[in-house]
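What follows is one structure encoded as structure tokens, with my remarks underneath.
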Amino acid sequence: MFKKIIFVFSLLILLNSCASQQKKLSKSDWYAFTKTSSERVEPSKTYEFTDGMIRMHGENIGYLMSKKSYKNFELSLDFRWNIDPKFSRGNVKKNSGVMYNIPTDAPDNIWPKGIQFQIKENTTGDFIFLDKITAVVNGKLVEAGASVTSAKFSENEKPYGEWNSIVIISYNGKITQFLNGKLINECVEASSTEGKISLNYEGSPIDFRNIQIKNISKE
């Protein structure tokens with residue numbers, strides 16, 4: 001009986017430790033920044049938080065930026081294009097993104113320094129390296145530039161209106177990007193290995209949900 005109690009107690013400690021390493025990001029974890037403002041604003045004054053979702057729509061492009069910086073993490077979330085007619089902006093090409101490893105000293109602007117998981121028609125899963133961030137992709141160093149794209153090597157996006165799952169794993173410069181459970185892009189030796197996270201609104205109505213981040217200690 002004593003051994004059983006010790007086992008159960010040890011298991012509870014392990015489960016509690018695992019739970020403490022994973023965090024679900026909520027409204028209080030973000031600030032908003034838009035193209036029409038030079039200051040940070042409250043998230044709910046810019047974007048809609050409802051029914052467990054973040055709904056980004058309207059004419060004012062910008063982003064939600066995490067208040068904290070992260071290193072060696074697994075970021076997971078769901079997104080879908082909002083195709084409700086009341087949010088339609090005509091024939092605007094669907095475009096958004098999730099950015100990460102944004103240096104804490106990088107100024108707020110449209111768009112900040114960092115690495116982006118591109119969310120865009122026909123190119124979801126591309127790397128976008130902004131403001132001279134570099135990495136090695138397929139054995140070749142990406143040249144530093146203002147905005148450099150490294151294309152995904154596989155397709156796996158669901159039809160408009162359906163939820164898609166994203167997982168980004170960043171560990172000591174090695175980055176892997178997954179879409180709906182499939183590896184679609186990867187790099188090593190990224191020049192930015194830690195930083196903040198942003199959800200970008202680039203004029204295409206989009207919803208996000210289930211945004212979670214977990215610290216990792218090994219690949």
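Lettering and numbering for the structure tokens are positional, with chains as A, B, ... in the shown order, residues counted from 1 in each chain, and ligands counted from 1 in the shown order.
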
Region 69-116 of chain A residues near region 182-198 of chain A within 6 Å, closest pair each, using only C-alpha atoms, as a Markdown table:
```
| residue | atom | partner | partner_atom | distance |
| --- | --- | --- | --- | --- |
| A:Ser69 | CA | A:Lys196 | CA | 4.3 |
| A:Tyr70 | CA | A:Gly195 | CA | 5.3 |
| A:Lys71 | CA | A:Glu194 | CA | 4.4 |
| A:Val98 | CA | A:Ser198 | CA | 5.8 |
| A:Met99 | CA | A:Ser198 | CA | 5.0 |
| A:Tyr100 | CA | A:Ile197 | CA | 4.3 |
| A:Asn101 | CA | A:Gly195 | CA | 3.9 |
| A:Ile102 | CA | A:Gly195 | CA | 4.4 |
| A:Pro103 | CA | A:Gly195 | CA | 4.7 |
| A:Thr104 | CA | A:Gly195 | CA | 5.9 |
```

Taking N, CA, C and O atoms for each residue, export the selection above as a compact mmCIF listing (two decimals), in the first residue's frame.
```txt
# COMPACT_ATOMS: atom_id res chain seq x y z
N SER A 69 8.38 37.02 -23.61
CA SER A 69 9.30 36.44 -24.59
C SER A 69 9.47 34.95 -24.27
O SER A 69 9.40 34.55 -23.10
N TYR A 70 9.69 34.16 -25.32
CA TYR A 70 9.80 32.71 -25.13
C TYR A 70 11.02 32.17 -25.86
O TYR A 70 11.37 32.62 -26.94
N LYS A 71 11.64 31.16 -25.24
CA LYS A 71 12.77 30.47 -25.86
C LYS A 71 12.59 28.97 -25.70
O LYS A 71 12.15 28.51 -24.64
N VAL A 98 1.51 34.04 -38.34
CA VAL A 98 1.89 33.93 -36.93
C VAL A 98 3.39 34.18 -36.87
O VAL A 98 4.17 33.49 -37.53
N MET A 99 3.80 35.18 -36.10
CA MET A 99 5.22 35.49 -35.97
C MET A 99 5.74 35.04 -34.62
O MET A 99 4.99 34.96 -33.64
N TYR A 100 7.04 34.77 -34.57
CA TYR A 100 7.67 34.31 -33.32
C TYR A 100 9.15 34.67 -33.36
O TYR A 100 9.67 35.15 -34.37
N ASN A 101 9.81 34.45 -32.22
CA ASN A 101 11.22 34.85 -32.07
C ASN A 101 11.42 36.32 -32.46
O ASN A 101 12.41 36.69 -33.11
N ILE A 102 10.47 37.14 -32.04
CA ILE A 102 10.54 38.58 -32.26
C ILE A 102 11.38 39.19 -31.13
O ILE A 102 10.96 39.14 -29.96
N PRO A 103 12.55 39.72 -31.40
CA PRO A 103 13.42 40.22 -30.33
C PRO A 103 12.70 41.23 -29.44
O PRO A 103 11.92 42.07 -29.92
N THR A 104 12.97 41.17 -28.16
CA THR A 104 12.28 42.06 -27.22
C THR A 104 12.64 43.53 -27.43
O THR A 104 11.87 44.41 -27.05
```

- Could you write out, as a ChimeraX atom specification, all the residues of region 2-217 of chain A that DSSP marks as strand (DSSP E or B)? /A:22-24,30-34,41,48-50,53-56,62-66,70-71,73-81,95-102,114-120,127-130,136-137,140-141,147-150,164-171,174-179,182-188,194-201,206-215

- Message: I'd like the interatomic distance between CA of Glu157 (chain A) and CA of Lys68 (chain A), to a tenth of an Å.
- Response: 29.2 Å

- Tell me, as a list in words, which residues lie within 7 Å of Gly161 (chain A), counting only C-alpha atoms; anything in the same chain fewer than 5 positions away does not count.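 Once the adjacent positions are removed, what remains is Arg80, Trp81, Asn82 and Ile83 of chain A.
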
Counting only C-alpha atoms, which residues of region 7-126 of chain A fall within 8 Å of region 200-219 of chain A, and what is the closest atom pair for each with its distance in Å at one decimal, ordered by chain and rising number, as JSON lines?
```
{"residue": "A:Gln21", "atom": "CA", "partner": "A:Lys214", "partner_atom": "CA", "distance": 5.5}
{"residue": "A:Gln22", "atom": "CA", "partner": "A:Lys214", "partner_atom": "CA", "distance": 4.1}
{"residue": "A:Lys23", "atom": "CA", "partner": "A:Ile213", "partner_atom": "CA", "distance": 5.4}
{"residue": "A:Lys24", "atom": "CA", "partner": "A:Gln212", "partner_atom": "CA", "distance": 4.3}
{"residue": "A:Leu25", "atom": "CA", "partner": "A:Ile211", "partner_atom": "CA", "distance": 5.6}
{"residue": "A:Gly52", "atom": "CA", "partner": "A:Arg209", "partner_atom": "CA", "distance": 6.4}
{"residue": "A:Met53", "atom": "CA", "partner": "A:Arg209", "partner_atom": "CA", "distance": 4.7}
{"residue": "A:Ile54", "atom": "CA", "partner": "A:Phe208", "partner_atom": "CA", "distance": 5.1}
{"residue": "A:Arg55", "atom": "CA", "partner": "A:Asp207", "partner_atom": "CA", "distance": 4.5}
{"residue": "A:Met56", "atom": "CA", "partner": "A:Ile206", "partner_atom": "CA", "distance": 5.4}
{"residue": "A:His57", "atom": "CA", "partner": "A:Pro205", "partner_atom": "CA", "distance": 4.4}
{"residue": "A:Gly58", "atom": "CA", "partner": "A:Gly203", "partner_atom": "CA", "distance": 7.0}
{"residue": "A:Glu59", "atom": "CA", "partner": "A:Gly203", "partner_atom": "CA", "distance": 6.2}
{"residue": "A:Asn60", "atom": "CA", "partner": "A:Gly203", "partner_atom": "CA", "distance": 7.3}
{"residue": "A:Ile61", "atom": "CA", "partner": "A:Glu202", "partner_atom": "CA", "distance": 5.2}
{"residue": "A:Gly62", "atom": "CA", "partner": "A:Tyr201", "partner_atom": "CA", "distance": 5.3}
{"residue": "A:Tyr63", "atom": "CA", "partner": "A:Asn200", "partner_atom": "CA", "distance": 4.4}
{"residue": "A:Leu64", "atom": "CA", "partner": "A:Asn200", "partner_atom": "CA", "distance": 6.7}
{"residue": "A:Lys71", "atom": "CA", "partner": "A:Asn215", "partner_atom": "CA", "distance": 7.5}
{"residue": "A:Asn72", "atom": "CA", "partner": "A:Ile216", "partner_atom": "CA", "distance": 5.6}
{"residue": "A:Phe73", "atom": "CA", "partner": "A:Asn215", "partner_atom": "CA", "distance": 4.5}
{"residue": "A:Glu74", "atom": "CA", "partner": "A:Lys214", "partner_atom": "CA", "distance": 5.1}
{"residue": "A:Leu75", "atom": "CA", "partner": "A:Ile213", "partner_atom": "CA", "distance": 4.5}
{"residue": "A:Ser76", "atom": "CA", "partner": "A:Gln212", "partner_atom": "CA", "distance": 5.3}
{"residue": "A:Leu77", "atom": "CA", "partner": "A:Ile211", "partner_atom": "CA", "distance": 4.4}
{"residue": "A:Asp78", "atom": "CA", "partner": "A:Arg209", "partner_atom": "CA", "distance": 5.3}
{"residue": "A:Phe79", "atom": "CA", "partner": "A:Phe208", "partner_atom": "CA", "distance": 4.5}
{"residue": "A:Arg80", "atom": "CA", "partner": "A:Asp207", "partner_atom": "CA", "distance": 5.4}
{"residue": "A:Trp81", "atom": "CA", "partner": "A:Ile206", "partner_atom": "CA", "distance": 4.6}
{"residue": "A:Asn82", "atom": "CA", "partner": "A:Ile206", "partner_atom": "CA", "distance": 4.8}
{"residue": "A:Ile83", "atom": "CA", "partner": "A:Pro205", "partner_atom": "CA", "distance": 7.5}
{"residue": "A:Phe87", "atom": "CA", "partner": "A:Pro205", "partner_atom": "CA", "distance": 6.6}
{"residue": "A:Ser88", "atom": "CA", "partner": "A:Pro205", "partner_atom": "CA", "distance": 7.3}
{"residue": "A:Arg89", "atom": "CA", "partner": "A:Ser204", "partner_atom": "CA", "distance": 7.3}
{"residue": "A:Val92", "atom": "CA", "partner": "A:Ser204", "partner_atom": "CA", "distance": 6.7}
{"residue": "A:Lys93", "atom": "CA", "partner": "A:Ser204", "partner_atom": "CA", "distance": 7.1}
{"residue": "A:Lys94", "atom": "CA", "partner": "A:Ser204", "partner_atom": "CA", "distance": 5.1}
{"residue": "A:Asn95", "atom": "CA", "partner": "A:Ser204", "partner_atom": "CA", "distance": 5.8}
{"residue": "A:Ser96", "atom": "CA", "partner": "A:Glu202", "partner_atom": "CA", "distance": 5.4}
{"residue": "A:Gly97", "atom": "CA", "partner": "A:Asn200", "partner_atom": "CA", "distance": 5.2}
{"residue": "A:Val98", "atom": "CA", "partner": "A:Asn200", "partner_atom": "CA", "distance": 6.1}
{"residue": "A:Met99", "atom": "CA", "partner": "A:Asn200", "partner_atom": "CA", "distance": 7.5}
```

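Using only C-alpha atoms, the smallest distance between any of A:Leu141, A:Val148, A:Ile110, A:Met65 and Arg40 (chain A) comes from A:Met65.
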
- Message: If we count only C-alpha atoms and set the cut-off at 10 Å, which residues sit around Asp126 (chain A), ignoring sequence neighbours fewer than 5 positions away in its own chain? Please answer as a list in words.
- Response: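 After dropping sequence-adjacent residues, the list is Gly97, Gln116, Phe117, Gln118, Ile119, Lys120, Thr149, Ser150, Ala151, Lys152, Phe153, Ser154, Gln177, Ile184, Asn185 and Glu186 of chain A.
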
Go ahead and write the residues just picked, all heavy atoms, as a compact mmCIF listing (two decimals), in the first residue's frame.
```
# COMPACT_ATOMS: atom_id res chain seq x y z
N GLY A 97 -0.69 35.68 -40.70
CA GLY A 97 0.53 35.01 -40.29
C GLY A 97 0.68 34.95 -38.78
O GLY A 97 0.02 35.69 -38.04
N GLN A 116 8.13 34.45 -39.50
CA GLN A 116 6.68 34.28 -39.65
C GLN A 116 6.33 32.93 -40.27
O GLN A 116 6.97 32.49 -41.23
CB GLN A 116 6.11 35.38 -40.55
CG GLN A 116 4.59 35.29 -40.69
CD GLN A 116 4.00 36.35 -41.58
OE1 GLN A 116 3.07 36.11 -42.35
NE2 GLN A 116 4.52 37.56 -41.51
N PHE A 117 5.32 32.29 -39.68
CA PHE A 117 4.63 31.17 -40.31
C PHE A 117 3.58 31.82 -41.19
O PHE A 117 2.58 32.34 -40.70
CB PHE A 117 3.99 30.28 -39.23
CG PHE A 117 3.32 29.03 -39.75
CD1 PHE A 117 3.74 27.78 -39.34
CD2 PHE A 117 2.24 29.10 -40.63
CE1 PHE A 117 3.12 26.62 -39.79
CE2 PHE A 117 1.61 27.95 -41.10
CZ PHE A 117 2.06 26.71 -40.68
N GLN A 118 3.82 31.82 -42.48
CA GLN A 118 2.91 32.49 -43.41
C GLN A 118 1.57 31.77 -43.47
O GLN A 118 1.50 30.55 -43.57
CB GLN A 118 3.54 32.51 -44.80
CG GLN A 118 2.66 33.04 -45.91
CD GLN A 118 2.61 34.55 -45.93
OE1 GLN A 118 2.01 35.15 -45.05
NE2 GLN A 118 3.22 35.15 -46.92
N ILE A 119 0.49 32.55 -43.37
CA ILE A 119 -0.86 32.03 -43.58
C ILE A 119 -1.45 32.83 -44.74
O ILE A 119 -1.81 33.99 -44.58
CB ILE A 119 -1.74 32.19 -42.32
CG1 ILE A 119 -1.10 31.48 -41.12
CG2 ILE A 119 -3.14 31.65 -42.57
CD1 ILE A 119 -1.86 31.68 -39.82
N LYS A 120 -1.49 32.20 -45.90
CA LYS A 120 -1.88 32.92 -47.11
C LYS A 120 -2.33 31.93 -48.16
O LYS A 120 -1.86 30.79 -48.20
CB LYS A 120 -0.68 33.74 -47.63
CG LYS A 120 -0.97 34.69 -48.75
CD LYS A 120 0.30 35.48 -49.10
CE LYS A 120 0.05 36.50 -50.20
NZ LYS A 120 1.27 37.26 -50.52
N THR A 149 11.36 35.13 -48.29
CA THR A 149 10.49 33.96 -48.21
C THR A 149 11.25 32.68 -48.50
O THR A 149 12.07 32.63 -49.41
CB THR A 149 9.33 34.08 -49.23
OG1 THR A 149 8.56 35.25 -48.94
CG2 THR A 149 8.42 32.86 -49.19
N SER A 150 10.97 31.66 -47.71
CA SER A 150 11.48 30.32 -47.98
C SER A 150 10.25 29.41 -48.04
O SER A 150 9.57 29.19 -47.04
CB SER A 150 12.44 29.86 -46.88
OG SER A 150 12.96 28.58 -47.19
N ALA A 151 9.97 28.91 -49.23
CA ALA A 151 8.70 28.22 -49.48
C ALA A 151 8.58 26.91 -48.72
O ALA A 151 9.56 26.19 -48.51
CB ALA A 151 8.55 27.97 -50.97
N LYS A 152 7.36 26.60 -48.33
CA LYS A 152 7.04 25.30 -47.74
C LYS A 152 7.35 24.21 -48.75
O LYS A 152 7.41 24.46 -49.96
CB LYS A 152 5.56 25.25 -47.37
CG LYS A 152 4.65 25.28 -48.59
CD LYS A 152 3.20 25.40 -48.20
CE LYS A 152 2.28 25.32 -49.41
NZ LYS A 152 2.60 26.21 -50.52
N PHE A 153 7.51 22.99 -48.28
CA PHE A 153 7.78 21.89 -49.21
C PHE A 153 6.61 20.92 -49.33
O PHE A 153 6.72 19.89 -49.98
CB PHE A 153 9.06 21.13 -48.82
CG PHE A 153 9.13 20.68 -47.39
CD1 PHE A 153 8.34 19.63 -46.92
CD2 PHE A 153 10.00 21.30 -46.51
CE1 PHE A 153 8.43 19.21 -45.62
CE2 PHE A 153 10.09 20.88 -45.19
CZ PHE A 153 9.31 19.84 -44.73
N SER A 154 5.46 21.29 -48.70
CA SER A 154 4.30 20.41 -48.78
C SER A 154 3.02 21.20 -48.55
O SER A 154 3.02 22.21 -47.84
CB SER A 154 4.41 19.29 -47.74
OG SER A 154 3.37 18.36 -47.88
N GLN A 177 7.86 23.53 -38.70
CA GLN A 177 6.50 24.04 -38.83
C GLN A 177 5.58 22.93 -39.34
O GLN A 177 5.87 22.30 -40.36
CB GLN A 177 6.45 25.25 -39.77
CG GLN A 177 7.27 26.43 -39.28
CD GLN A 177 7.04 27.72 -40.06
OE1 GLN A 177 7.25 28.82 -39.53
NE2 GLN A 177 6.63 27.62 -41.30
N ILE A 184 5.72 20.68 -42.80
CA ILE A 184 5.68 21.37 -44.09
C ILE A 184 6.86 22.31 -44.31
O ILE A 184 7.07 22.79 -45.43
CB ILE A 184 4.36 22.14 -44.28
CG1 ILE A 184 4.17 23.15 -43.16
CG2 ILE A 184 3.17 21.19 -44.37
CD1 ILE A 184 3.01 24.10 -43.40
N ASN A 185 7.65 22.56 -43.25
CA ASN A 185 8.82 23.42 -43.42
C ASN A 185 9.74 23.26 -42.22
O ASN A 185 9.27 22.99 -41.11
CB ASN A 185 8.41 24.89 -43.57
CG ASN A 185 9.24 25.63 -44.60
OD1 ASN A 185 10.36 25.23 -44.90
ND2 ASN A 185 8.70 26.69 -45.16
N GLU A 186 11.04 23.44 -42.46
CA GLU A 186 11.98 23.37 -41.35
C GLU A 186 13.27 24.10 -41.70
O GLU A 186 13.61 24.28 -42.88
CB GLU A 186 12.28 21.93 -40.96
CG GLU A 186 12.91 21.08 -42.04
CD GLU A 186 13.10 19.64 -41.58
OE1 GLU A 186 13.13 19.39 -40.36
OE2 GLU A 186 13.21 18.76 -42.45
```
